[in-house]
Amino acid sequence: MGDVLARKIRSESAGYVTELSALPPTLPAFAPGIYSVGDLYKGMLEDGSAWEGTPDHDGFVFFNEKKNVPRNLTPDAAIAARLHDTVQEHAVRLS
């Protein structure tokens with residue numbers, strides 16, 4: 001980020017979203033293109049074991065406090081999650 005933009009953010013008492021900590025690194029907000037089912041389950045073994053090491057599991061843990069109980073996201077995480085979804089939806093429409 002440049003100095004001009006940083007000053008503008010401060011002067012407006014605004015915030016900005018980065019992907020550094022907003023979402024799990026395996027599910028980046030600004031990922032280019034559409035990821036596949038294989039991408040989501042990368043690392044899982046054929047017998048279904050090792051799911052805990054997949055991007056799908058990372059997303060499940062991030063979005064749920066515990067099984068089937070959605071997490072209350074912080075504003076930056078909610079924005080990053082929506083940006084991620086928007087990028088994916090746009091890529092789907094273009095494919």
# chains A, B, ... in the order shown; residues from 1 in each chain; ligands from 1

$ residues_around --residues "range 51-59 of chain A" --least-positions-apart "6" --cutoff "9 Å" --atoms "only C-alpha atoms" --output "number ranges by chain"
A: 23-27, 39-45

$ residues_around --residues "His90 in chain A" --least-positions-apart "3" --cutoff "12 Å" --atoms "only C-alpha atoms" --output "list in words"
Phe30, Ala31, Pro32, Gly33, Ile34, Leu83, His84, Asp85, Thr86, Val87, Arg93, Leu94 and Ser95 of chain A

$ write_last_selection --atoms "N, CA and C atoms" --output "mmCIF file, in the first residue's frame"
data_model
loop_
_atom_site.group_PDB
_atom_site.id
_atom_site.type_symbol
_atom_site.label_atom_id
_atom_site.label_comp_id
_atom_site.auth_asym_id
_atom_site.auth_seq_id
_atom_site.Cartn_x
_atom_site.Cartn_y
_atom_site.Cartn_z
ATOM 1 N N PHE A 30 -8.603 -13.873 -2.601
ATOM 2 C CA PHE A 30 -8.431 -13.388 -3.958
ATOM 3 C C PHE A 30 -7.809 -14.434 -4.872
ATOM 4 N N ALA A 31 -8.116 -15.681 -4.641
ATOM 5 C CA ALA A 31 -7.572 -16.771 -5.459
ATOM 6 C C ALA A 31 -8.020 -16.601 -6.904
ATOM 7 N N PRO A 32 -7.090 -16.678 -7.839
ATOM 8 C CA PRO A 32 -7.489 -16.553 -9.245
ATOM 9 C C PRO A 32 -8.126 -17.844 -9.751
ATOM 10 N N GLY A 33 -9.180 -17.694 -10.523
ATOM 11 C CA GLY A 33 -9.812 -18.863 -11.130
ATOM 12 C C GLY A 33 -10.652 -19.680 -10.169
ATOM 13 N N ILE A 34 -11.239 -20.713 -10.701
ATOM 14 C CA ILE A 34 -12.130 -21.588 -9.936
ATOM 15 C C ILE A 34 -11.317 -22.749 -9.398
ATOM 16 N N LEU A 83 -15.619 -11.565 -0.315
ATOM 17 C CA LEU A 83 -14.767 -11.320 -1.486
ATOM 18 C C LEU A 83 -14.357 -12.636 -2.135
ATOM 19 N N HIS A 84 -14.002 -13.607 -1.319
ATOM 20 C CA HIS A 84 -13.642 -14.941 -1.833
ATOM 21 C C HIS A 84 -14.802 -15.512 -2.634
ATOM 22 N N ASP A 85 -16.015 -15.467 -2.056
ATOM 23 C CA ASP A 85 -17.186 -16.002 -2.746
ATOM 24 C C ASP A 85 -17.465 -15.246 -4.043
ATOM 25 N N THR A 86 -17.318 -13.923 -4.009
ATOM 26 C CA THR A 86 -17.566 -13.111 -5.197
ATOM 27 C C THR A 86 -16.592 -13.459 -6.312
ATOM 28 N N VAL A 87 -15.314 -13.610 -5.980
ATOM 29 C CA VAL A 87 -14.315 -13.982 -6.981
ATOM 30 C C VAL A 87 -14.661 -15.340 -7.588
ATOM 31 N N ARG A 93 -19.214 -17.807 -13.580
ATOM 32 C CA ARG A 93 -19.999 -17.187 -14.656
ATOM 33 C C ARG A 93 -19.193 -17.041 -15.941
ATOM 34 N N LEU A 94 -17.897 -16.828 -15.819
ATOM 35 C CA LEU A 94 -17.044 -16.654 -17.009
ATOM 36 C C LEU A 94 -16.638 -17.973 -17.640
ATOM 37 N N SER A 95 -16.816 -19.085 -16.912
ATOM 38 C CA SER A 95 -16.354 -20.367 -17.461
ATOM 39 C C SER A 95 -17.352 -20.974 -18.410
#

$ select_by_dssp --residues "range 2-75 of chain A" --states "helix (DSSP H, G or I)" --output "list in words"
Asp3, Val4, Leu5, Ala6, Arg7, Lys8, Ile9, Arg10, Ser11, Val37, Gly38, Asp39, Leu40, Trp51, Glu52, Gly53, Pro55, Asp56, His57, Asp58, Gly59, Phe60, Val61, Phe62, Phe63 and Pro75 of chain A

$ write_last_selection --atoms "C-alpha atoms" --output "PDB file, in the first residue's frame"
ATOM      1  CA  ASP A   3       1.662   6.405   1.430  1.00  0.00           C
ATOM      2  CA  VAL A   4      -1.192   8.290  -0.242  1.00  0.00           C
ATOM      3  CA  LEU A   5      -3.638   5.435   0.270  1.00  0.00           C
ATOM      4  CA  ALA A   6      -2.447   4.855   3.848  1.00  0.00           C
ATOM      5  CA  ARG A   7      -3.013   8.559   4.677  1.00  0.00           C
ATOM      6  CA  LYS A   8      -6.450   8.457   3.058  1.00  0.00           C
ATOM      7  CA  ILE A   9      -7.441   5.394   5.112  1.00  0.00           C
ATOM      8  CA  ARG A  10      -6.277   7.075   8.335  1.00  0.00           C
ATOM      9  CA  SER A  11      -7.980  10.389   7.502  1.00  0.00           C
ATOM     10  CA  VAL A  37     -13.333 -30.491  -5.838  1.00  0.00           C
ATOM     11  CA  GLY A  38      -9.869 -32.021  -6.119  1.00  0.00           C
ATOM     12  CA  ASP A  39      -8.353 -28.751  -4.924  1.00  0.00           C
ATOM     13  CA  LEU A  40     -10.653 -28.669  -1.871  1.00  0.00           C
ATOM     14  CA  TRP A  51      -9.608 -34.956   5.663  1.00  0.00           C
ATOM     15  CA  GLU A  52      -8.273 -32.846   8.525  1.00  0.00           C
ATOM     16  CA  GLY A  53      -5.358 -31.825   6.286  1.00  0.00           C
ATOM     17  CA  PRO A  55      -8.535 -26.996   2.437  1.00  0.00           C
ATOM     18  CA  ASP A  56     -12.164 -28.163   2.856  1.00  0.00           C
ATOM     19  CA  HIS A  57     -11.477 -28.978   6.507  1.00  0.00           C
ATOM     20  CA  ASP A  58      -9.721 -25.621   6.972  1.00  0.00           C
ATOM     21  CA  GLY A  59     -12.833 -23.857   5.699  1.00  0.00           C
ATOM     22  CA  PHE A  60     -15.117 -25.965   7.893  1.00  0.00           C
ATOM     23  CA  VAL A  61     -13.080 -25.150  11.004  1.00  0.00           C
ATOM     24  CA  PHE A  62     -12.888 -21.458  10.087  1.00  0.00           C
ATOM     25  CA  PHE A  63     -16.638 -21.057   9.540  1.00  0.00           C
ATOM     26  CA  PRO A  75     -15.974  -7.752  10.138  1.00  0.00           C
TER      27      PRO A  75
END

$ select_by_dssp --residues "chain A" --states "strand (DSSP E)" --output "MDAnalysis selection string"
chainID A and resid 64:66 69:70

$ residues_around --residues "range 72-74 of chain A" --least-positions-apart "4" --cutoff "9 Å" --atoms "only C-alpha atoms" --output "ChimeraX atom specification"
/A:22,63-65,78-79

$ write_last_selection --atoms "N, CA and C atoms" --output "short mmCIF file (atom, residue, chain, number, x, y, z; two decimals), in the first residue's frame"
data_model
loop_
_atom_site.label_atom_id
_atom_site.label_comp_id
_atom_site.auth_asym_id
_atom_site.auth_seq_id
_atom_site.Cartn_x
_atom_site.Cartn_y
_atom_site.Cartn_z
N ALA A 22 -7.09 -13.03 7.42
CA ALA A 22 -8.55 -13.01 7.40
C ALA A 22 -9.16 -14.39 7.16
N PHE A 63 -15.26 -21.56 9.54
CA PHE A 63 -16.64 -21.06 9.54
C PHE A 63 -17.54 -21.65 10.62
N ASN A 64 -17.04 -22.57 11.42
CA ASN A 64 -17.85 -23.20 12.45
C ASN A 64 -17.15 -23.19 13.80
N GLU A 65 -17.88 -22.78 14.84
CA GLU A 65 -17.35 -22.84 16.21
C GLU A 65 -17.14 -24.30 16.60
N ALA A 78 -15.52 -11.49 7.63
CA ALA A 78 -16.77 -11.55 6.86
C ALA A 78 -16.57 -10.91 5.47
N ILE A 79 -15.87 -9.79 5.43
CA ILE A 79 -15.61 -9.13 4.14
C ILE A 79 -14.72 -10.01 3.28
#

$ decode --residues "range 23-57 of chain A" --atoms "N, CA and C atoms" --output "PDB file, in the first residue's frame"
ATOM      1  N   LEU A  23      -8.594 -15.158   6.241  1.00  0.00           N
ATOM      2  CA  LEU A  23      -9.103 -16.484   5.905  1.00  0.00           C
ATOM      3  C   LEU A  23      -7.968 -17.499   6.024  1.00  0.00           C
ATOM      4  N   PRO A  24      -8.321 -18.783   6.094  1.00  0.00           N
ATOM      5  CA  PRO A  24      -7.255 -19.789   6.082  1.00  0.00           C
ATOM      6  C   PRO A  24      -6.402 -19.638   4.818  1.00  0.00           C
ATOM      7  N   PRO A  25      -5.085 -19.810   4.924  1.00  0.00           N
ATOM      8  CA  PRO A  25      -4.223 -19.642   3.750  1.00  0.00           C
ATOM      9  C   PRO A  25      -4.585 -20.568   2.592  1.00  0.00           C
ATOM     10  N   THR A  26      -5.217 -21.701   2.888  1.00  0.00           N
ATOM     11  CA  THR A  26      -5.596 -22.632   1.823  1.00  0.00           C
ATOM     12  C   THR A  26      -6.854 -22.190   1.085  1.00  0.00           C
ATOM     13  N   LEU A  27      -7.534 -21.151   1.595  1.00  0.00           N
ATOM     14  CA  LEU A  27      -8.732 -20.609   0.943  1.00  0.00           C
ATOM     15  C   LEU A  27      -8.576 -19.095   0.798  1.00  0.00           C
ATOM     16  N   PRO A  28      -7.647 -18.643  -0.025  1.00  0.00           N
ATOM     17  CA  PRO A  28      -7.394 -17.200  -0.135  1.00  0.00           C
ATOM     18  C   PRO A  28      -8.571 -16.438  -0.709  1.00  0.00           C
ATOM     19  N   ALA A  29      -8.777 -15.248  -0.183  1.00  0.00           N
ATOM     20  CA  ALA A  29      -9.906 -14.422  -0.630  1.00  0.00           C
ATOM     21  C   ALA A  29      -9.811 -14.083  -2.110  1.00  0.00           C
ATOM     22  N   PHE A  30      -8.603 -13.873  -2.601  1.00  0.00           N
ATOM     23  CA  PHE A  30      -8.431 -13.388  -3.958  1.00  0.00           C
ATOM     24  C   PHE A  30      -7.809 -14.434  -4.872  1.00  0.00           C
ATOM     25  N   ALA A  31      -8.116 -15.681  -4.641  1.00  0.00           N
ATOM     26  CA  ALA A  31      -7.572 -16.771  -5.459  1.00  0.00           C
ATOM     27  C   ALA A  31      -8.020 -16.601  -6.904  1.00  0.00           C
ATOM     28  N   PRO A  32      -7.090 -16.678  -7.839  1.00  0.00           N
ATOM     29  CA  PRO A  32      -7.489 -16.553  -9.245  1.00  0.00           C
ATOM     30  C   PRO A  32      -8.126 -17.844  -9.751  1.00  0.00           C
ATOM     31  N   GLY A  33      -9.180 -17.694 -10.523  1.00  0.00           N
ATOM     32  CA  GLY A  33      -9.812 -18.863 -11.130  1.00  0.00           C
ATOM     33  C   GLY A  33     -10.652 -19.680 -10.169  1.00  0.00           C
ATOM     34  N   ILE A  34     -11.239 -20.713 -10.701  1.00  0.00           N
ATOM     35  CA  ILE A  34     -12.130 -21.588  -9.936  1.00  0.00           C
ATOM     36  C   ILE A  34     -11.317 -22.749  -9.398  1.00  0.00           C
ATOM     37  N   TYR A  35     -11.501 -23.046  -8.136  1.00  0.00           N
ATOM     38  CA  TYR A  35     -10.854 -24.253  -7.637  1.00  0.00           C
ATOM     39  C   TYR A  35     -11.809 -25.415  -7.788  1.00  0.00           C
ATOM     40  N   SER A  36     -11.249 -26.595  -7.894  1.00  0.00           N
ATOM     41  CA  SER A  36     -12.046 -27.798  -8.157  1.00  0.00           C
ATOM     42  C   SER A  36     -12.286 -28.572  -6.867  1.00  0.00           C
ATOM     43  N   VAL A  37     -13.114 -29.578  -6.964  1.00  0.00           N
ATOM     44  CA  VAL A  37     -13.333 -30.491  -5.838  1.00  0.00           C
ATOM     45  C   VAL A  37     -11.998 -31.105  -5.427  1.00  0.00           C
ATOM     46  N   GLY A  38     -11.185 -31.468  -6.411  1.00  0.00           N
ATOM     47  CA  GLY A  38      -9.869 -32.021  -6.119  1.00  0.00           C
ATOM     48  C   GLY A  38      -8.994 -31.053  -5.342  1.00  0.00           C
ATOM     49  N   ASP A  39      -9.110 -29.763  -5.663  1.00  0.00           N
ATOM     50  CA  ASP A  39      -8.353 -28.751  -4.924  1.00  0.00           C
ATOM     51  C   ASP A  39      -8.801 -28.700  -3.465  1.00  0.00           C
ATOM     52  N   LEU A  40     -10.115 -28.751  -3.237  1.00  0.00           N
ATOM     53  CA  LEU A  40     -10.653 -28.669  -1.871  1.00  0.00           C
ATOM     54  C   LEU A  40     -10.266 -29.869  -1.017  1.00  0.00           C
ATOM     55  N   TYR A  41     -10.158 -31.040  -1.662  1.00  0.00           N
ATOM     56  CA  TYR A  41      -9.869 -32.258  -0.903  1.00  0.00           C
ATOM     57  C   TYR A  41      -8.427 -32.726  -1.080  1.00  0.00           C
ATOM     58  N   LYS A  42      -7.574 -31.822  -1.568  1.00  0.00           N
ATOM     59  CA  LYS A  42      -6.162 -32.166  -1.754  1.00  0.00           C
ATOM     60  C   LYS A  42      -5.557 -32.611  -0.422  1.00  0.00           C
ATOM     61  N   GLY A  43      -4.926 -33.772  -0.451  1.00  0.00           N
ATOM     62  CA  GLY A  43      -4.312 -34.325   0.757  1.00  0.00           C
ATOM     63  C   GLY A  43      -5.124 -35.432   1.403  1.00  0.00           C
ATOM     64  N   MET A  44      -6.402 -35.534   1.028  1.00  0.00           N
ATOM     65  CA  MET A  44      -7.229 -36.600   1.597  1.00  0.00           C
ATOM     66  C   MET A  44      -6.895 -37.914   0.894  1.00  0.00           C
ATOM     67  N   LEU A  45      -6.841 -38.987   1.663  1.00  0.00           N
ATOM     68  CA  LEU A  45      -6.528 -40.294   1.094  1.00  0.00           C
ATOM     69  C   LEU A  45      -7.775 -40.922   0.483  1.00  0.00           C
ATOM     70  N   GLU A  46      -7.589 -41.908  -0.371  1.00  0.00           N
ATOM     71  CA  GLU A  46      -8.717 -42.548  -1.071  1.00  0.00           C
ATOM     72  C   GLU A  46      -9.737 -43.152  -0.119  1.00  0.00           C
ATOM     73  N   ASP A  47      -9.302 -43.578   1.058  1.00  0.00           N
ATOM     74  CA  ASP A  47     -10.240 -44.175   2.016  1.00  0.00           C
ATOM     75  C   ASP A  47     -10.991 -43.117   2.829  1.00  0.00           C
ATOM     76  N   GLY A  48     -10.766 -41.823   2.521  1.00  0.00           N
ATOM     77  CA  GLY A  48     -11.454 -40.736   3.214  1.00  0.00           C
ATOM     78  C   GLY A  48     -10.717 -40.235   4.446  1.00  0.00           C
ATOM     79  N   SER A  49      -9.633 -40.886   4.791  1.00  0.00           N
ATOM     80  CA  SER A  49      -8.876 -40.411   5.947  1.00  0.00           C
ATOM     81  C   SER A  49      -8.023 -39.209   5.559  1.00  0.00           C
ATOM     82  N   ALA A  50      -7.529 -38.515   6.540  1.00  0.00           N
ATOM     83  CA  ALA A  50      -6.685 -37.325   6.375  1.00  0.00           C
ATOM     84  C   ALA A  50      -7.470 -36.111   5.881  1.00  0.00           C
ATOM     85  N   TRP A  51      -8.790 -36.122   6.025  1.00  0.00           N
ATOM     86  CA  TRP A  51      -9.608 -34.956   5.663  1.00  0.00           C
ATOM     87  C   TRP A  51      -9.161 -33.731   6.453  1.00  0.00           C
ATOM     88  N   GLU A  52      -8.682 -33.952   7.670  1.00  0.00           N
ATOM     89  CA  GLU A  52      -8.273 -32.846   8.525  1.00  0.00           C
ATOM     90  C   GLU A  52      -7.130 -32.033   7.929  1.00  0.00           C
ATOM     91  N   GLY A  53      -6.449 -32.550   6.930  1.00  0.00           N
ATOM     92  CA  GLY A  53      -5.358 -31.825   6.286  1.00  0.00           C
ATOM     93  C   GLY A  53      -5.743 -31.156   4.985  1.00  0.00           C
ATOM     94  N   THR A  54      -7.041 -31.089   4.682  1.00  0.00           N
ATOM     95  CA  THR A  54      -7.491 -30.532   3.401  1.00  0.00           C
ATOM     96  C   THR A  54      -7.955 -29.077   3.532  1.00  0.00           C
ATOM     97  N   PRO A  55      -7.952 -28.335   2.420  1.00  0.00           N
ATOM     98  CA  PRO A  55      -8.535 -26.996   2.437  1.00  0.00           C
ATOM     99  C   PRO A  55     -10.018 -27.017   2.844  1.00  0.00           C
ATOM    100  N   ASP A  56     -10.757 -28.063   2.467  1.00  0.00           N
ATOM    101  CA  ASP A  56     -12.164 -28.163   2.856  1.00  0.00           C
ATOM    102  C   ASP A  56     -12.295 -28.172   4.374  1.00  0.00           C
ATOM    103  N   HIS A  57     -11.452 -28.934   5.041  1.00  0.00           N
ATOM    104  CA  HIS A  57     -11.477 -28.978   6.507  1.00  0.00           C
ATOM    105  C   HIS A  57     -11.109 -27.616   7.093  1.00  0.00           C
TER     106      HIS A  57
END
